[in-house]
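Asks: Below is query18.txt; it holds compact mmCIF, C-alpha atoms and all ligand atoms.
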```
# COMPACT_ATOMS: atom_id res chain seq x y z
CA MET A 55 7.42 3.20 28.58
CA ALA A 56 6.74 4.79 25.18
CA ARG A 57 7.14 2.36 22.34
CA SER A 58 9.86 4.55 20.83
CA GLU A 59 12.02 3.77 23.91
CA GLN A 60 11.72 0.06 23.24
CA ASN A 61 14.17 -1.38 20.76
CA LYS A 62 11.78 -3.04 18.33
CA LEU A 63 9.66 -0.24 16.97
CA PRO A 64 9.30 -0.65 13.20
CA SER A 65 10.83 2.24 11.25
CA HIS A 66 8.43 1.76 8.37
CA VAL A 67 4.87 0.47 8.63
CA ALA A 68 2.72 -0.13 5.56
CA ILE A 69 -1.03 -0.66 5.70
CA ILE A 70 -3.47 -2.33 3.32
CA MET A 71 -6.66 -0.55 4.39
CA ASP A 72 -9.26 -3.16 3.48
CA GLY A 73 -12.87 -3.67 4.49
CA ASN A 74 -14.56 -0.32 3.88
CA GLY A 75 -17.22 -1.89 1.67
CA ARG A 76 -17.97 -4.71 4.13
CA TRP A 77 -18.13 -2.24 7.03
CA ALA A 78 -20.87 -0.35 5.17
CA ARG A 79 -22.72 -3.45 3.95
CA ARG A 80 -22.93 -4.89 7.46
CA ARG A 81 -24.74 -1.73 8.49
CA GLY A 82 -27.00 -1.65 5.45
CA LEU A 83 -25.24 1.51 4.24
CA PRO A 84 -23.92 2.41 0.77
CA ARG A 85 -20.23 1.55 0.17
CA PHE A 86 -19.19 5.18 -0.08
CA LEU A 87 -20.00 5.70 3.60
CA GLY A 88 -17.46 2.97 4.37
CA HIS A 89 -14.80 4.96 2.51
CA GLN A 90 -15.82 8.13 4.33
CA GLN A 91 -15.44 6.33 7.65
CA GLY A 92 -12.14 4.89 6.35
CA VAL A 93 -10.71 8.38 6.09
CA LYS A 94 -11.42 8.91 9.80
CA ALA A 95 -9.50 5.72 10.58
CA LEU A 96 -6.66 6.93 8.36
CA LYS A 97 -6.41 10.22 10.26
CA LYS A 98 -6.17 8.30 13.56
CA ALA A 99 -3.51 5.97 12.15
CA VAL A 100 -1.38 8.86 10.85
CA ARG A 101 -1.48 10.71 14.19
CA PHE A 102 -0.77 7.52 16.12
CA ALA A 103 2.20 6.59 13.91
CA SER A 104 3.58 10.10 14.25
CA ASP A 105 3.14 10.11 18.06
CA GLN A 106 4.85 6.72 18.35
CA GLY A 107 7.92 7.97 16.49
CA ILE A 108 7.48 5.72 13.46
CA GLN A 109 9.54 7.20 10.60
CA SER A 110 7.48 6.17 7.57
CA LEU A 111 3.89 5.10 7.07
CA THR A 112 2.77 3.87 3.66
CA VAL A 113 -0.96 3.46 3.04
CA TYR A 114 -2.55 1.69 0.07
CA ALA A 115 -5.18 4.26 -0.90
CA PHE A 116 -5.91 3.49 -4.56
CA SER A 117 -4.46 0.73 -6.71
CA THR A 118 -4.00 0.65 -10.48
CA GLU A 119 -6.81 -1.98 -10.44
CA ASN A 120 -9.20 0.30 -8.49
CA TRP A 121 -9.93 2.29 -11.70
CA GLN A 122 -12.05 -0.73 -12.72
CA ARG A 123 -14.54 -0.17 -9.89
CA PRO A 124 -17.91 1.37 -10.82
CA LYS A 125 -17.53 4.91 -12.18
CA GLU A 126 -19.47 6.42 -9.27
CA GLU A 127 -17.23 4.76 -6.66
CA VAL A 128 -14.03 5.87 -8.43
CA SER A 129 -15.24 9.43 -8.65
CA PHE A 130 -16.38 9.37 -5.01
CA LEU A 131 -12.93 8.14 -3.90
CA LEU A 132 -11.16 10.84 -5.93
CA ASP A 133 -13.42 13.57 -4.52
CA LEU A 134 -12.93 12.22 -1.00
CA MET A 135 -9.19 12.31 -1.40
CA HIS A 136 -9.34 15.85 -2.74
CA LYS A 137 -11.56 17.00 0.14
CA THR A 138 -9.36 15.25 2.73
CA PHE A 139 -6.25 16.96 1.39
CA VAL A 140 -7.88 20.38 1.47
CA GLU A 141 -9.14 19.86 5.03
CA GLU A 142 -6.07 18.19 6.53
CA ILE A 143 -3.00 19.49 4.75
CA ASP A 144 -2.33 22.50 7.01
CA GLU A 145 -2.55 20.48 10.20
CA LEU A 146 -0.38 17.70 8.77
CA HIS A 147 2.16 20.30 7.70
CA GLN A 148 2.17 21.86 11.18
CA GLU A 149 2.75 18.43 12.68
CA GLY A 150 5.83 18.01 10.48
CA VAL A 151 4.40 15.28 8.27
CA ARG A 152 6.04 14.90 4.85
CA ILE A 153 3.65 13.67 2.16
CA VAL A 154 4.89 11.60 -0.78
CA LEU A 155 2.87 10.17 -3.66
CA VAL A 156 3.88 6.58 -4.32
CA GLY A 157 2.48 5.53 -7.68
CA ASP A 158 2.43 6.04 -11.42
CA ARG A 159 2.28 9.76 -12.20
CA SER A 160 2.50 9.34 -15.98
CA ASN A 161 -1.22 8.85 -16.66
CA LEU A 162 -2.78 11.05 -13.96
CA SER A 163 -4.96 13.96 -15.00
CA GLY A 164 -3.50 17.45 -14.56
CA ASP A 165 -5.71 18.44 -11.61
CA ILE A 166 -5.01 15.26 -9.64
CA LEU A 167 -1.28 15.57 -10.26
CA GLN A 168 -1.41 19.22 -9.21
CA LEU A 169 -3.06 18.26 -5.92
CA TRP A 170 -0.26 15.83 -5.12
CA GLN A 171 2.49 18.17 -6.23
CA ASN A 172 1.10 20.92 -4.00
CA ALA A 173 1.00 18.59 -0.99
CA GLU A 174 4.50 17.28 -1.68
CA GLY A 175 5.91 20.76 -2.32
CA LEU A 176 4.42 22.23 0.86
CA THR A 177 5.68 19.42 3.10
CA GLN A 178 8.95 18.44 1.42
CA ASP A 179 11.24 19.88 4.10
CA ASN A 180 9.32 18.43 7.05
CA THR A 181 11.27 16.08 9.25
CA GLY A 182 8.51 14.21 11.10
CA LEU A 183 6.57 11.22 9.83
CA THR A 184 6.90 10.48 6.10
CA LEU A 185 3.43 9.60 4.85
CA ASN A 186 3.67 7.69 1.59
CA VAL A 187 0.28 7.51 -0.05
CA ALA A 188 0.12 4.68 -2.57
CA PHE A 189 -2.18 6.13 -5.20
CA ASN A 190 -2.48 4.76 -8.75
CA TYR A 191 -0.06 2.15 -7.41
CA GLY A 192 0.53 -1.44 -8.48
CA GLY A 193 3.58 -3.49 -7.52
CA ARG A 194 3.92 -5.18 -10.91
CA GLN A 195 3.41 -1.89 -12.76
CA GLU A 196 6.16 -0.36 -10.56
CA LEU A 197 8.58 -3.18 -11.44
CA LEU A 198 7.73 -2.86 -15.15
CA HIS A 199 8.54 0.84 -14.88
CA VAL A 200 11.94 -0.01 -13.33
CA ALA A 201 12.63 -2.64 -16.03
CA LYS A 202 11.78 -0.19 -18.84
CA VAL A 203 14.02 2.58 -17.49
CA LEU A 204 16.95 0.19 -17.06
CA ALA A 205 16.38 -1.34 -20.52
CA GLN A 206 16.31 2.13 -22.10
CA ARG A 207 19.59 3.06 -20.40
CA ALA A 208 21.17 -0.18 -21.60
CA ALA A 209 19.82 0.32 -25.15
CA VAL A 210 21.55 3.71 -25.49
CA GLY A 211 24.76 2.35 -24.03
CA ASP A 212 24.56 4.20 -20.68
CA LEU A 213 24.31 1.01 -18.66
CA ASP A 214 26.04 -2.37 -18.75
CA PRO A 215 23.29 -4.93 -17.89
CA ALA A 216 25.84 -6.90 -15.84
CA GLN A 217 26.10 -3.91 -13.48
CA ILE A 218 22.40 -3.90 -12.55
CA ASP A 219 22.06 -4.40 -8.81
CA GLU A 220 19.51 -4.00 -6.02
CA SER A 221 20.46 -0.41 -5.26
CA MET A 222 19.75 0.60 -8.89
CA VAL A 223 16.31 -0.96 -8.63
CA ASN A 224 15.67 0.70 -5.25
CA ASP A 225 16.53 4.09 -6.74
CA LEU A 226 13.88 3.70 -9.43
CA LEU A 227 11.05 2.47 -7.23
CA TYR A 228 8.26 4.90 -6.36
CA THR A 229 9.23 4.40 -2.68
CA LYS A 230 12.78 5.67 -3.31
CA GLY A 231 14.15 7.20 -0.12
CA SER A 232 12.02 5.14 2.29
CA PRO A 233 13.45 2.01 3.89
CA ASP A 234 11.68 -1.28 3.09
CA PRO A 235 8.61 -1.77 5.29
CA ASP A 236 9.39 -3.65 8.49
CA LEU A 237 5.72 -4.39 9.12
CA ILE A 238 2.77 -4.67 6.74
CA ILE A 239 -0.64 -4.56 8.38
CA ARG A 240 -3.69 -5.75 6.46
CA THR A 241 -7.16 -5.15 7.84
CA GLY A 242 -10.28 -7.01 6.70
CA GLY A 243 -8.87 -10.51 7.16
CA GLU A 244 -7.65 -11.42 3.64
CA GLN A 245 -4.24 -13.11 3.67
CA ARG A 246 -2.63 -11.64 0.57
CA LEU A 247 -0.52 -8.73 -0.62
CA SER A 248 -2.80 -7.65 -3.50
CA ASN A 249 0.03 -6.26 -5.65
CA PHE A 250 1.33 -4.02 -2.84
CA LEU A 251 5.07 -3.31 -2.46
CA LEU A 252 6.11 -6.58 -4.12
CA TRP A 253 9.85 -5.83 -4.19
CA GLN A 254 9.96 -3.91 -0.90
CA SER A 255 8.08 -6.57 1.11
CA ALA A 256 10.74 -9.29 0.67
CA TYR A 257 11.46 -9.43 4.42
CA SER A 258 8.51 -7.55 5.87
CA GLU A 259 6.60 -9.03 8.77
CA LEU A 260 2.93 -9.50 7.89
CA TYR A 261 0.13 -8.81 10.36
CA VAL A 262 -3.44 -9.59 9.29
CA THR A 263 -6.39 -8.60 11.44
CA ASP A 264 -10.08 -9.28 10.88
CA VAL A 265 -10.88 -5.75 12.04
CA LEU A 266 -12.39 -3.82 9.12
CA TRP A 267 -10.49 -0.66 8.20
CA PRO A 268 -13.11 1.87 9.39
CA ASP A 269 -13.00 0.23 12.85
CA PHE A 270 -9.19 0.19 13.06
CA ASN A 271 -8.11 2.39 15.96
CA GLU A 272 -5.10 3.22 18.14
CA GLU A 273 -5.55 0.07 20.23
CA HIS A 274 -5.53 -2.15 17.17
CA PHE A 275 -2.45 -0.34 15.85
CA ALA A 276 -0.72 -0.79 19.24
CA SER A 277 -1.52 -4.54 19.17
CA ALA A 278 0.10 -4.82 15.74
CA LEU A 279 3.22 -3.03 17.03
CA ASP A 280 3.34 -5.28 20.11
CA ASP A 281 3.05 -8.35 17.91
CA PHE A 282 5.87 -7.05 15.70
CA GLY A 283 7.99 -6.50 18.84
CA GLN A 284 7.84 -10.23 19.58
CA ARG A 285 8.87 -11.40 16.11
CA GLU A 286 12.33 -12.74 15.43
CA ARG A 287 13.42 -11.32 12.08
CA ARG A 288 15.91 -13.49 10.25
CA PHE A 289 16.30 -12.00 6.77
CA GLY A 290 17.05 -15.49 5.41
CA ARG A 291 19.69 -16.21 8.04
CA VAL A 292 19.74 -18.82 10.83
CA GLY A 293 17.69 -17.63 13.81
CA LYS A 294 19.00 -17.01 17.34
CA LYS A 295 16.82 -19.81 18.70
CA GLU A 296 18.46 -22.48 16.51
C1 LIG B 301 -10.61 -1.04 0.47
O1 LIG B 301 -11.89 -1.32 0.94
C2 LIG B 301 -10.35 0.40 0.51
C3 LIG B 301 -10.12 1.17 -0.58
C4 LIG B 301 -10.08 0.66 -1.96
C5 LIG B 301 -9.92 2.61 -0.46
C6 LIG B 301 -9.15 3.04 0.74
C7 LIG B 301 -9.19 4.50 0.76
C8 LIG B 301 -9.38 5.26 1.85
C9 LIG B 301 -9.49 4.76 3.23
C10 LIG B 301 -9.46 6.73 1.67
C11 LIG B 301 -8.19 7.28 1.10
C12 LIG B 301 -8.13 8.72 1.27
C13 LIG B 301 -7.01 9.46 1.27
C14 LIG B 301 -7.08 10.87 1.66
C15 LIG B 301 -5.67 8.90 0.92
P1 LIG B 301 -12.89 -2.11 0.00
O2 LIG B 301 -13.79 -1.12 -0.64
O3 LIG B 301 -12.14 -2.99 -0.94
O4 LIG B 301 -13.65 -2.96 1.08
P2 LIG B 301 -14.27 -4.42 0.90
O5 LIG B 301 -13.12 -5.36 0.68
O6 LIG B 301 -14.95 -4.65 2.22
O7 LIG B 301 -15.22 -4.34 -0.24
```
What's the structure tokens form of this structure?
Ligand code: FPP

Replies:
Amino acid sequence: MARSEQNKLPSHVAIIMDGNGRWARRRGLPRFLGHQQGVKALKKAVRFASDQGIQSLTVYAFSTENWQRPKEEVSFLLDLMHKTFVEEIDELHQEGVRIVLVGDRSNLSGDILQLWQNAEGLTQDNTGLTLNVAFNYGGRQELLHVAKVLAQRAAVGDLDPAQIDESMVNDLLYTKGSPDPDLIIRTGGEQRLSNFLLWQSAYSELYVTDVLWPDFNEEHFASALDDFGQRERRFGRVGKKE
């Protein structure tokens, strides 16, 4: 039976793709080859998510903190992203994937922003998998952005602070339009969120695997979905087993 026929397929899966550097180091290779291999794993994950009927996939590609990595690594990652877009965008578009940039656009250079806007524009009417790419993303930065917009509205008298509610915050998040993630997968074994989707992850199920991101394949993804299928989600309420 396809997973989409079972009742507990997550609508929204988010992935912290960690372990590219370690994958390379363990092979005596430079870190950048780990990132290159990581893109191959990302392609597999996107196709698998789409085939399974998952509605949204959010991947943590580049955090606001990643700018502090060595200059050469940052520029390699940006070039890799550029190259991947150029090579993959037509096929993704044909497969009905809708691409959305999730992150701070305000301080991106013109050419990087253009790249994202082209990908978003081309795929905006697609109805298949929504692929949110968290780029220049930080959960705290996102919440500061929300706080500033709401404060500005209140300061000019357009908003009564007493009226601020969750839906107003949701509408200002970079993930606006996507449901909260049901499942967050982290590869590379670290048990933390690393500033990823801090508001949206309130009731997400977490799945950590020691598999390093470049090794993560369809079987590993299927195991994460099976594990999710067995979880009892309570959203703060009393569980069925009690
Ligand atoms: C973490 O591994 C991975 C990243 C910081 C980059 C992830 C990016 C990609 C897989 C490519 C993205 C490309 C597109 C097209 C969106 P790490 O370097 O922190 O690994 P380590 O913890 O083993 O050092």

Asks: Which one of A:Arg152, A:His274, A:Arg101, A:Arg80 sits closest to ligand LIG 301 (chain B) if you count all atoms listed in the file?

Replies: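 Result for the nearest residue to ligand LIG 301 (chain B): A:Arg80.
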
Asks: To one decimal place, how far is CA of Asp264 in chain A from CA of Leu96 in chain A in Å?

Replies: 16.8 Å

Asks: Find, counting all atoms listed in the file, the residue in A:Phe86, A:Phe289, A:Phe250, A:Tyr114 that gets nearest to Leu185 in chain A.

Replies: A:Tyr114

Asks: List the neighbours of Arg287 in chain A out to 12 Å using only C-alpha atoms; skip same-chain residues closer than 5 positions along the sequence, and give me the result as a VMD selection string.

Replies: chain A and resid 62 64 236 to 237 256 to 260 282 292 to 295

Asks: Can you pull out every residue with an atom within 10 Å of ligand LIG 301 (chain B)? Use only C-alpha atoms and all ligand atoms and format it as an mmCIF file with C-alpha atoms, in the frame of the given file.

Replies:
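pocket.cif, written as the output of this step:
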```
data_model
loop_
_atom_site.group_PDB
_atom_site.id
_atom_site.type_symbol
_atom_site.label_atom_id
_atom_site.label_comp_id
_atom_site.auth_asym_id
_atom_site.auth_seq_id
_atom_site.Cartn_x
_atom_site.Cartn_y
_atom_site.Cartn_z
ATOM 1 C CA ILE A 70 -3.470 -2.330 3.320
ATOM 2 C CA MET A 71 -6.660 -0.550 4.390
ATOM 3 C CA ASP A 72 -9.260 -3.160 3.480
ATOM 4 C CA GLY A 73 -12.870 -3.670 4.490
ATOM 5 C CA ASN A 74 -14.560 -0.320 3.880
ATOM 6 C CA GLY A 75 -17.220 -1.890 1.670
ATOM 7 C CA ARG A 76 -17.970 -4.710 4.130
ATOM 8 C CA TRP A 77 -18.130 -2.240 7.030
ATOM 9 C CA ALA A 78 -20.870 -0.350 5.170
ATOM 10 C CA ARG A 79 -22.720 -3.450 3.950
ATOM 11 C CA ARG A 80 -22.930 -4.890 7.460
ATOM 12 C CA ARG A 85 -20.230 1.550 0.170
ATOM 13 C CA PHE A 86 -19.190 5.180 -0.080
ATOM 14 C CA GLY A 88 -17.460 2.970 4.370
ATOM 15 C CA HIS A 89 -14.800 4.960 2.510
ATOM 16 C CA GLN A 90 -15.820 8.130 4.330
ATOM 17 C CA GLN A 91 -15.440 6.330 7.650
ATOM 18 C CA GLY A 92 -12.140 4.890 6.350
ATOM 19 C CA VAL A 93 -10.710 8.380 6.090
ATOM 20 C CA LYS A 94 -11.420 8.910 9.800
ATOM 21 C CA ALA A 95 -9.500 5.720 10.580
ATOM 22 C CA LEU A 96 -6.660 6.930 8.360
ATOM 23 C CA LYS A 97 -6.410 10.220 10.260
ATOM 24 C CA VAL A 113 -0.960 3.460 3.040
ATOM 25 C CA TYR A 114 -2.550 1.690 0.070
ATOM 26 C CA ALA A 115 -5.180 4.260 -0.900
ATOM 27 C CA PHE A 116 -5.910 3.490 -4.560
ATOM 28 C CA SER A 117 -4.460 0.730 -6.710
ATOM 29 C CA GLU A 119 -6.810 -1.980 -10.440
ATOM 30 C CA ASN A 120 -9.200 0.300 -8.490
ATOM 31 C CA TRP A 121 -9.930 2.290 -11.700
ATOM 32 C CA ARG A 123 -14.540 -0.170 -9.890
ATOM 33 C CA GLU A 127 -17.230 4.760 -6.660
ATOM 34 C CA VAL A 128 -14.030 5.870 -8.430
ATOM 35 C CA PHE A 130 -16.380 9.370 -5.010
ATOM 36 C CA LEU A 131 -12.930 8.140 -3.900
ATOM 37 C CA LEU A 132 -11.160 10.840 -5.930
ATOM 38 C CA ASP A 133 -13.420 13.570 -4.520
ATOM 39 C CA LEU A 134 -12.930 12.220 -1.000
ATOM 40 C CA MET A 135 -9.190 12.310 -1.400
ATOM 41 C CA HIS A 136 -9.340 15.850 -2.740
ATOM 42 C CA LYS A 137 -11.560 17.000 0.140
ATOM 43 C CA THR A 138 -9.360 15.250 2.730
ATOM 44 C CA PHE A 139 -6.250 16.960 1.390
ATOM 45 C CA VAL A 140 -7.880 20.380 1.470
ATOM 46 C CA GLU A 141 -9.140 19.860 5.030
ATOM 47 C CA GLU A 142 -6.070 18.190 6.530
ATOM 48 C CA LEU A 155 2.870 10.170 -3.660
ATOM 49 C CA LEU A 185 3.430 9.600 4.850
ATOM 50 C CA ASN A 186 3.670 7.690 1.590
ATOM 51 C CA VAL A 187 0.280 7.510 -0.050
ATOM 52 C CA ALA A 188 0.120 4.680 -2.570
ATOM 53 C CA PHE A 189 -2.180 6.130 -5.200
ATOM 54 C CA THR A 241 -7.160 -5.150 7.840
ATOM 55 C CA GLY A 242 -10.280 -7.010 6.700
ATOM 56 C CA GLY A 243 -8.870 -10.510 7.160
ATOM 57 C CA GLU A 244 -7.650 -11.420 3.640
ATOM 58 C CA LEU A 266 -12.390 -3.820 9.120
ATOM 59 C CA TRP A 267 -10.490 -0.660 8.200
ATOM 60 C CA PRO A 268 -13.110 1.870 9.390
#
```

Asks: So how far away is CA of Leu198 in chain A from CA of Leu213 in chain A, in Å?

Replies: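 Computing it gives 17.4 Å between the two atoms.
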
Asks: Which residues are near range 98-100 of chain A? Cut-off 8 Å, only C-alpha atoms, ignore same chain within fewer than 4 positions. Put them as number ranges by chain.

Replies: A: 94, 104, 111, 185, 271-272, 275

Asks: Mind pulling up the distance from CA of Arg246 in chain A to CA of Arg285 in chain A?

Replies: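 We find that CA of Arg285 in chain A and CA of Arg246 in chain A lie 19.3 Å from each other.
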
Asks: Within 8 Å of (12.5, 0.8, -11.4) in the file's own coordinates, which protein, DNA or RNA residues have an atom, counting only C-alpha atoms? List them as an MDAnalysis selection string.

Replies: chainID A and resid 196:204 222:228

Asks: Determine the nearest neighbour of Ile166 in chain A from the options A:Ser129, A:Ser221, A:Gln284, A:Ala208, counting only C-alpha atoms.

Replies: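 Using only C-alpha atoms, Ile166 in chain A sits closest to A:Ser129.
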
Asks: Can you pull out the residues contacting Pro233 in chain A? Cut-off 9 Å, using all atoms listed in the file, and skip same-chain residues under 5 positions away; I want them as a VMD selection string.

Replies: chain A and resid 65 to 66 110 254

Asks: Considering all atoms listed in the file, return as an mmCIF file with C-alpha atoms, keeping the file's coordinate frame whatever protein or nucleic-acid residues lie within 10 Å of Thr181 in chain A, sequence-local ones (same chain, fewer than 3 positions apart) excluded.

Replies:
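part27.cif was written with the following content:
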```cif
data_model
loop_
_atom_site.group_PDB
_atom_site.id
_atom_site.type_symbol
_atom_site.label_atom_id
_atom_site.label_comp_id
_atom_site.auth_asym_id
_atom_site.auth_seq_id
_atom_site.Cartn_x
_atom_site.Cartn_y
_atom_site.Cartn_z
ATOM 1 C CA GLN A 109 9.540 7.200 10.600
ATOM 2 C CA GLU A 149 2.750 18.430 12.680
ATOM 3 C CA GLY A 150 5.830 18.010 10.480
ATOM 4 C CA VAL A 151 4.400 15.280 8.270
ATOM 5 C CA ARG A 152 6.040 14.900 4.850
ATOM 6 C CA THR A 177 5.680 19.420 3.100
ATOM 7 C CA GLN A 178 8.950 18.440 1.420
ATOM 8 C CA THR A 184 6.900 10.480 6.100
#
```

Asks: Between A:Trp253, A:Tyr261, A:Trp170, A:Phe102, which residue has the minimum interatomic distance to Glu220 in chain A, considering all atoms listed in the file?

Replies: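 Answer, going by the shortest atom-to-atom distance: A:Trp253.
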
Asks: From the options A:Asp165, A:Glu174, A:Ile108, A:Gly182, which residue's atoms come nearest to Leu63 in chain A, counting only C-alpha atoms?

Replies: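 For Leu63 in chain A, the nearest of the candidates is A:Ile108.
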
Asks: I'd like the contact shell of Asn249 in chain A - 8 Å cut-off, only C-alpha atoms, skipping same-chain residues fewer than 3 positions apart - returned as a ChimeraX atom specification.

Replies: /A:192-194,252

Asks: Kindly add all heavy atoms to the incomplete range 84-92 of chain A and provide the output as a compact mmCIF listing (two decimals), in the coordinates of the input.

Replies:
```txt
# COMPACT_ATOMS: atom_id res chain seq x y z
N PRO A 84 -24.63 2.44 2.07
CA PRO A 84 -23.92 2.41 0.77
C PRO A 84 -22.40 2.37 0.99
O PRO A 84 -21.90 2.93 1.97
CB PRO A 84 -24.35 3.71 0.09
CG PRO A 84 -24.95 4.57 1.14
CD PRO A 84 -25.38 3.69 2.27
N ARG A 85 -21.69 1.74 0.04
CA ARG A 85 -20.23 1.55 0.17
C ARG A 85 -19.48 2.85 0.43
O ARG A 85 -18.50 2.87 1.16
CB ARG A 85 -19.67 0.94 -1.12
CG ARG A 85 -19.99 -0.51 -1.34
CD ARG A 85 -19.45 -0.98 -2.70
NE ARG A 85 -18.00 -0.89 -2.77
CZ ARG A 85 -17.17 -1.79 -2.25
NH1 ARG A 85 -17.65 -2.84 -1.62
NH2 ARG A 85 -15.87 -1.65 -2.35
N PHE A 86 -19.97 3.94 -0.21
CA PHE A 86 -19.19 5.18 -0.08
C PHE A 86 -19.07 5.65 1.37
O PHE A 86 -18.10 6.27 1.76
CB PHE A 86 -19.73 6.27 -1.02
CG PHE A 86 -21.02 6.92 -0.58
CD1 PHE A 86 -20.99 8.00 0.29
CD2 PHE A 86 -22.24 6.46 -1.05
CE1 PHE A 86 -22.17 8.62 0.69
CE2 PHE A 86 -23.42 7.07 -0.65
CZ PHE A 86 -23.40 8.15 0.23
N LEU A 87 -20.10 5.29 2.18
CA LEU A 87 -20.00 5.70 3.60
C LEU A 87 -18.89 4.94 4.31
O LEU A 87 -18.30 5.43 5.27
CB LEU A 87 -21.34 5.48 4.30
CG LEU A 87 -22.40 6.53 3.99
CD1 LEU A 87 -23.69 6.24 4.73
CD2 LEU A 87 -21.90 7.94 4.37
N GLY A 88 -18.60 3.73 3.82
CA GLY A 88 -17.46 2.97 4.37
C GLY A 88 -16.15 3.68 4.07
O GLY A 88 -15.26 3.77 4.93
N HIS A 89 -16.03 4.22 2.86
CA HIS A 89 -14.80 4.96 2.51
C HIS A 89 -14.68 6.24 3.35
O HIS A 89 -13.60 6.59 3.81
CB HIS A 89 -14.80 5.31 1.02
CG HIS A 89 -14.74 4.11 0.12
ND1 HIS A 89 -13.86 3.07 0.33
CD2 HIS A 89 -15.45 3.77 -0.98
CE1 HIS A 89 -14.03 2.15 -0.62
NE2 HIS A 89 -15.00 2.55 -1.42
N GLN A 90 -15.82 6.89 3.53
CA GLN A 90 -15.82 8.13 4.33
C GLN A 90 -15.33 7.83 5.76
O GLN A 90 -14.51 8.55 6.32
CB GLN A 90 -17.24 8.66 4.41
CG GLN A 90 -17.33 10.14 4.23
CD GLN A 90 -18.78 10.54 3.94
OE1 GLN A 90 -19.71 10.04 4.59
NE2 GLN A 90 -18.97 11.41 2.99
N GLN A 91 -15.84 6.74 6.31
CA GLN A 91 -15.44 6.33 7.65
C GLN A 91 -13.96 5.90 7.64
O GLN A 91 -13.24 6.08 8.61
CB GLN A 91 -16.34 5.17 8.09
CG GLN A 91 -16.57 5.07 9.57
CD GLN A 91 -17.21 6.30 10.20
OE1 GLN A 91 -17.99 7.00 9.56
NE2 GLN A 91 -16.84 6.58 11.44
N GLY A 92 -13.54 5.33 6.50
CA GLY A 92 -12.14 4.89 6.35
C GLY A 92 -11.17 6.06 6.45
O GLY A 92 -10.06 5.91 6.97
```
